[in-house]
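Shown below: start13.cif, with mmCIF, C-alpha atoms.
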data_query
loop_
_atom_site.label_atom_id
_atom_site.label_comp_id
_atom_site.auth_asym_id
_atom_site.auth_seq_id
_atom_site.Cartn_x
_atom_site.Cartn_y
_atom_site.Cartn_z
CA MET F 3 103.04 149.39 77.25
CA PRO F 4 105.17 152.59 77.01
CA PRO F 5 104.53 155.30 79.60
CA ILE F 6 102.16 158.10 78.64
CA GLU F 7 104.00 161.34 77.96
CA LEU F 8 102.77 164.92 78.02
CA PRO F 9 102.48 166.40 74.50
CA ALA F 10 104.00 169.75 75.56
CA SER F 11 105.61 171.44 78.55
CA VAL F 12 103.67 171.80 81.79
CA SER F 13 103.66 175.59 81.46
CA GLN F 14 102.32 175.50 77.89
CA LEU F 15 99.59 173.02 78.76
CA ALA F 16 98.63 175.07 81.82
CA GLN F 17 98.43 178.27 79.73
CA ASP F 18 96.25 176.59 77.12
CA ALA F 19 94.02 174.90 79.71
CA ALA F 20 93.46 178.18 81.59
CA ALA F 21 92.38 179.80 78.32
CA GLN F 22 90.09 176.84 77.54
CA LEU F 23 88.48 177.12 80.99
CA GLY F 24 88.06 180.89 80.60
CA TRP F 25 90.26 181.61 83.61
CA ARG F 26 91.64 185.14 83.29
CA GLY F 27 94.83 185.88 85.17
CA VAL F 28 98.52 185.10 85.33
CA VAL F 29 99.37 181.41 84.97
CA LEU F 30 102.17 180.99 87.47
CA PRO F 31 104.96 178.43 87.05
CA GLU F 32 104.43 174.97 88.50
CA VAL F 33 105.12 174.87 92.22
CA THR F 34 104.75 172.38 95.07
CA MET F 35 102.09 173.45 97.57
CA LEU F 36 100.50 171.17 100.15
CA GLY F 37 102.74 168.44 98.75
CA ARG F 38 101.15 168.73 95.29
CA ARG F 39 102.64 169.98 92.00
CA VAL F 40 100.23 172.61 90.65
CA CYS F 41 100.05 175.72 88.48
CA VAL F 42 97.99 178.53 89.99
CA VAL F 43 96.07 181.05 87.90
CA ALA F 44 95.78 184.29 89.86
CA LYS F 45 95.28 188.04 89.72
CA LEU F 46 96.93 190.70 91.85
CA ARG F 47 94.53 192.83 93.88
CA THR F 48 96.32 196.06 93.10
CA ASP F 49 94.50 198.17 95.71
CA THR F 50 95.33 195.69 98.48
CA HIS F 51 98.91 195.37 97.21
CA ALA F 52 99.33 199.16 97.34
CA GLU F 53 97.92 199.23 100.86
CA ARG F 54 100.29 196.47 101.96
CA ILE F 55 103.28 198.32 100.45
CA ALA F 56 102.24 201.46 102.34
CA MET F 57 102.01 199.44 105.57
CA GLY F 58 105.33 197.67 104.91
CA VAL F 59 103.74 194.21 104.75
CA GLY F 60 104.94 192.08 101.87
CA PRO F 61 104.13 188.43 101.32
CA VAL F 62 104.35 186.36 104.50
CA THR F 63 105.16 182.75 103.64
CA ASP F 64 105.84 181.44 107.13
CA ARG F 65 102.96 179.04 107.68
CA ALA F 66 102.92 179.38 111.48
CA THR F 67 102.74 183.18 111.31
CA VAL F 68 99.94 183.13 108.74
CA ALA F 69 98.01 180.60 110.86
CA THR F 70 97.81 183.15 113.69
CA TRP F 71 95.94 185.55 111.40
CA THR F 72 92.79 183.45 111.79
CA TRP F 73 92.88 183.67 115.58
CA PRO F 74 90.18 186.02 116.91
CA GLU F 75 92.71 188.25 118.69
CA PHE F 76 94.77 188.76 115.48
CA ALA F 77 92.08 188.61 112.78
CA ARG F 78 91.46 192.38 112.79
CA THR F 79 95.14 193.24 112.36
CA ALA F 80 95.95 190.63 109.69
CA PRO F 81 96.72 192.03 106.24
CA ALA F 82 94.07 191.53 103.58
CA PRO F 83 94.71 188.87 100.90
CA ALA F 84 96.51 190.56 98.01
CA ALA F 85 96.04 187.77 95.46
CA GLU F 86 92.84 186.51 93.92
CA ILE F 87 93.18 182.85 93.04
CA VAL F 88 91.19 182.19 89.88
CA GLY F 89 91.92 178.46 89.79
CA VAL F 90 94.47 175.72 90.33
CA LEU F 91 95.66 173.36 87.57
CA ALA F 92 97.33 169.99 87.96
CA VAL F 93 99.09 168.83 84.79
CA ALA F 94 99.61 165.08 84.97
CA ARG F 95 100.16 161.97 82.86
CA HIS F 96 97.49 159.96 84.71
CA TRP F 97 94.15 160.95 86.17
CA ARG F 98 94.94 159.58 89.64
CA THR F 99 97.96 161.86 89.97
CA GLY F 100 96.00 164.81 88.61
CA MET F 101 93.09 164.16 90.95
CA ALA F 102 95.35 163.81 94.00
CA SER F 103 96.95 167.16 93.14
CA ALA F 104 93.79 169.12 92.27
CA VAL F 105 91.27 167.97 94.89
CA PRO F 106 92.85 169.66 97.97
CA PHE F 107 92.47 173.01 96.19
CA SER F 108 88.88 172.39 95.06
CA ARG F 109 87.79 173.02 98.65
CA TYR F 110 88.57 176.73 98.19
CA GLY F 111 87.79 177.42 94.52
CA ASP F 112 88.06 176.19 90.97
CA ALA F 113 90.41 173.31 90.27
CA ALA F 114 91.20 171.36 87.12
CA MET F 115 93.51 168.68 85.83
CA VAL F 116 95.13 168.53 82.42
CA LEU F 117 95.63 165.04 81.01
CA PRO F 118 96.94 163.64 77.73
CA THR F 119 94.09 162.39 75.54
CA SER F 120 95.60 158.91 75.57
CA ALA F 121 95.15 158.82 79.37
CA VAL F 122 91.40 159.37 79.14
CA LEU F 123 90.72 156.67 76.56
CA SER F 124 90.29 153.90 79.09
CA ARG F 125 87.58 152.13 81.03
CA ASP F 126 89.36 153.12 84.26
CA TYR F 127 88.97 156.80 83.37
CA LEU F 128 85.27 156.41 82.54
CA ASP F 129 84.41 154.25 85.56
CA ASN F 130 86.61 155.82 88.22
CA CYS F 131 87.81 159.28 87.22
CA LEU F 132 84.66 160.88 85.83
CA PRO F 133 82.46 160.20 88.88
CA ARG F 134 85.17 161.51 91.20
CA ALA F 135 85.84 164.59 89.07
CA ARG F 136 82.15 165.45 89.09
CA SER F 137 81.74 164.82 92.80
CA TYR F 138 84.75 166.97 93.77
CA GLY F 139 83.95 169.64 91.16
CA VAL F 140 87.27 169.21 89.36
CA ALA F 141 87.37 170.08 85.66
CA VAL F 142 89.20 167.84 83.19
CA VAL F 143 91.02 169.27 80.20
CA THR F 144 92.58 166.92 77.67
CA ALA F 145 95.58 167.57 75.45
CA ASP F 146 95.97 165.61 72.21
CA GLU F 147 99.29 164.54 70.67
CA ASN F 148 99.57 167.98 68.98
CA ALA F 149 99.03 169.72 72.34
CA ARG F 150 95.57 171.02 71.39
CA VAL F 151 93.43 171.22 74.50
CA ASP F 152 89.76 170.41 74.86
CA LEU F 153 87.37 170.57 77.80
CA ASP F 154 86.15 167.11 78.84
CA VAL F 155 84.48 167.94 82.18
CA ASP F 156 83.62 171.49 83.23
CA VAL F 157 83.98 172.82 86.79
CA ARG F 158 80.91 172.19 88.93
CA ARG F 159 79.81 175.61 90.17
CA GLU F 160 77.19 174.53 92.74
CA ARG F 161 79.61 172.85 95.14
CA LEU F 162 80.08 174.03 98.71
CA LEU F 163 83.29 176.03 99.22
CA LEU F 164 85.01 176.43 102.56
CA SER F 165 85.43 179.85 104.07
CA GLU F 166 88.87 181.35 104.54
CA ASP F 167 91.06 179.41 106.97
CA ALA F 168 94.76 179.21 107.87
CA VAL F 169 95.54 176.98 104.87
CA SER F 170 93.78 179.16 102.32
CA ARG F 171 95.48 182.29 103.75
CA TRP F 172 98.90 180.62 103.53
CA VAL F 173 98.24 179.50 99.94
CA ASN F 174 97.18 183.06 99.13
CA GLU F 175 100.43 184.44 100.57
CA MET F 176 102.49 181.94 98.55
CA VAL F 177 100.62 182.95 95.39
CA TYR F 178 101.05 186.64 96.26
CA GLU F 179 104.81 186.13 96.45
CA GLN F 180 104.83 184.33 93.08
CA LEU F 181 102.70 187.04 91.48
CA LEU F 182 105.08 189.77 92.61
CA ALA F 183 108.01 187.80 91.20
CA SER F 184 106.20 187.28 87.88
CA TYR F 185 105.39 191.00 87.58
CA ASP F 186 108.75 192.03 89.05
CA LEU F 187 106.91 194.38 91.42
CA PRO F 188 108.26 195.93 94.61
CA VAL F 189 107.85 194.08 97.88
CA ALA F 190 107.17 196.03 101.05
#

Please lay out the structure from this file as structure tokens.
Amino acid sequence: MPPIELPASVSQLAQDAAAQLGWRGVVLPEVTMLGRRVCVVAKLRTDTHAERIAMGVGPVTDRATVATWTWPEFARTAPAPAAEIVGVLAVARHWRTGMASAVPFSRYGDAAMVLPTSAVLSRDYLDNCLPRARSYGVAVVTADENARVDLDVDVRRERLLLSEDAVSRWVNEMVYEQLLASYDLPVA
């Protein structure tokens, strides 16, 4: 059996999937975060960005430094998050890869995977993927051979989300850096 291929580029599929999901924001290029290849949809918090420029605090991507911001003695002096993460997309050829990439981010907000339609036409998908997607609150968007996207499973809104922690702050700083690069905005 030949390998399943994506019907379009990762960036195009991510753009179309974000629109299908109703996620408003900038679809950033695919990046590796937490060991997973994902596309983040985010918005810049312009008021917080302006404040950070005035204070001379640009994106901080050093994970150890950002981790200290959650310590009680540093929490009050830590800069506010300047990016609003709308959702995280994992574009994959198989649901297991997509699930492994999307689930770590579903702990903090909306997450989805984009799969070729041919990858979802199997018993394995029905028996194993759908229950997991629903339990983790991960949306599934399919892309047919003409790269038209369709929503197969919507994001579950009633799931429990974790509060801000060192990982979510670091992810936010990474996204903030990418947003500034995509807008070509000044960095403090």

Near range 20-23 of chain F, 12 Å: range 75-147 of chain F residue rows, closest pairs, all atoms listed in the file, as a Markdown table:
| residue | atom | partner | partner_atom | distance |
| --- | --- | --- | --- | --- |
| F:Val88 | CA | F:Ala20 | CA | 9.5 |
| F:Gly89 | CA | F:Ala20 | CA | 8.3 |
| F:Val90 | CA | F:Ala20 | CA | 9.1 |
| F:Leu91 | CA | F:Ala20 | CA | 8.0 |
| F:Ala92 | CA | F:Ala20 | CA | 11.1 |
| F:Val93 | CA | F:Ala20 | CA | 11.4 |
| F:Asp112 | CA | F:Leu23 | CA | 10.0 |
| F:Ala113 | CA | F:Leu23 | CA | 10.2 |
| F:Ala114 | CA | F:Leu23 | CA | 8.8 |
| F:Met115 | CA | F:Ala20 | CA | 10.4 |
| F:Val116 | CA | F:Ala20 | CA | 9.8 |
| F:Val140 | CA | F:Leu23 | CA | 11.6 |
| F:Ala141 | CA | F:Leu23 | CA | 8.5 |
| F:Val142 | CA | F:Leu23 | CA | 9.6 |
| F:Val143 | CA | F:Gln22 | CA | 8.1 |
| F:Thr144 | CA | F:Gln22 | CA | 10.2 |
| F:Ala145 | CA | F:Gln22 | CA | 11.0 |

Legend entry - Selected residue of minimal separation from Ala104 in chain F among F:Arg39, F:Val12, F:Leu117, F:Leu30, counting all atoms listed in the file: F:Arg39

I'd like a table as a tab-separated table: residues in range 75-154 of chain F with an atom no more than 9 Å from range 50-66 of chain F, each row giving the shortest atom pair and its distance in Å to one decimal, all atoms listed in the file counted, sorted by chain and rising residue number.
residue	atom	partner	partner_atom	distance
F:Pro81	CA	F:Arg54	CA	7.1
F:Ala82	CA	F:Thr50	CA	6.7
F:Pro83	CA	F:Thr50	CA	7.3
F:Ala84	CA	F:Thr50	CA	5.3
F:Ala85	CA	F:His51	CA	8.3

Inset, instruction - Carefully work through the PyMOL selection byres ((chain F and resi 180) around 10) for this structure and note down the residues it includes, as an NGL selection string. - result: :F and (30-31 or 33 or 42 or 44 or 61 or 85 or 174-179 or 181-186)

Legend entry - Residue nearest Pro133 in chain F - candidates F:Glu32, F:Arg95, F:Ser165, F:Val155, atoms counted: all atoms listed in the file: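 Ranked by minimum distance to Pro133 in chain F, first place goes to F:Val155.
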
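The spacing separating CA of Lys45 in chain F from CA of Arg98 in chain F amounts to 28.5 Å.
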
Legend entry - Residues within 8 Å of Ala69 in chain F, only C-alpha atoms, excluding chain neighbours under 4 positions, as a VMD selection string: chain F and resid 65 73 168 to 169 171 to 172

Write a file of the selected residues as a tab-separated table (two decimals), keeping the file's coordinate frame, keeping C-alpha atoms.
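Result file is selection-v1.tsv:
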chain	number	residue	atom	x	y	z
F	65	ARG	CA	102.96	179.04	107.68
F	73	TRP	CA	92.88	183.67	115.58
F	168	ALA	CA	94.76	179.21	107.87
F	169	VAL	CA	95.54	176.98	104.87
F	171	ARG	CA	95.48	182.29	103.75
F	172	TRP	CA	98.90	180.62	103.53

Legend entry - CA of Leu15 in chain F to CA of Thr119 in chain F, straight-line distance in Å: 12.4 Å

Legend entry - Point-to-point distance from CA of Leu163 in chain F to CA of Ala77 in chain F, Å rounded to tenths: 20.5 Å

Legend entry - Residues in the PyMOL selection byres ((chain F and resi 138) around 8), expressed as a PyMOL selection string: chain F and resi 105+108+134-137+139-140+161

Inset, instruction - Run the PyMOL selection byres ((chain F and resi 150) around 10) mentally over the shown coordinates, then write out the matched residues as a VMD selection string, using the chain letters and numbers from the document. - result: chain F and resid 9 to 10 15 18 to 19 118 to 119 144 to 149 151 to 152

Selection file, C-alpha atoms, as a JSON list (two decimals), in the frame of the given file:
[["chain", "number", "residue", "atom", "x", "y", "z"],
["F", 9, "PRO", "CA", 102.48, 166.40, 74.50],
["F", 10, "ALA", "CA", 104.00, 169.75, 75.56],
["F", 15, "LEU", "CA", 99.59, 173.02, 78.76],
["F", 18, "ASP", "CA", 96.25, 176.59, 77.12],
["F", 19, "ALA", "CA", 94.02, 174.90, 79.71],
["F", 118, "PRO", "CA", 96.94, 163.64, 77.73],
["F", 119, "THR", "CA", 94.09, 162.39, 75.54],
["F", 144, "THR", "CA", 92.58, 166.92, 77.67],
["F", 145, "ALA", "CA", 95.58, 167.57, 75.45],
["F", 146, "ASP", "CA", 95.97, 165.61, 72.21],
["F", 147, "GLU", "CA", 99.29, 164.54, 70.67],
["F", 148, "ASN", "CA", 99.57, 167.98, 68.98],
["F", 149, "ALA", "CA", 99.03, 169.72, 72.34],
["F", 151, "VAL", "CA", 93.43, 171.22, 74.50],
["F", 152, "ASP", "CA", 89.76, 170.41, 74.86]]

Inset, instruction - Compare F:Val173, F:Val68, F:Ala94, F:Ala102 by their minimum atom-to-atom distance to Val122 in chain F, counting all atoms listed in the file, and give me the closest one. - result: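 That would be F:Ala94, the residue with the smallest distance to Val122 in chain F.
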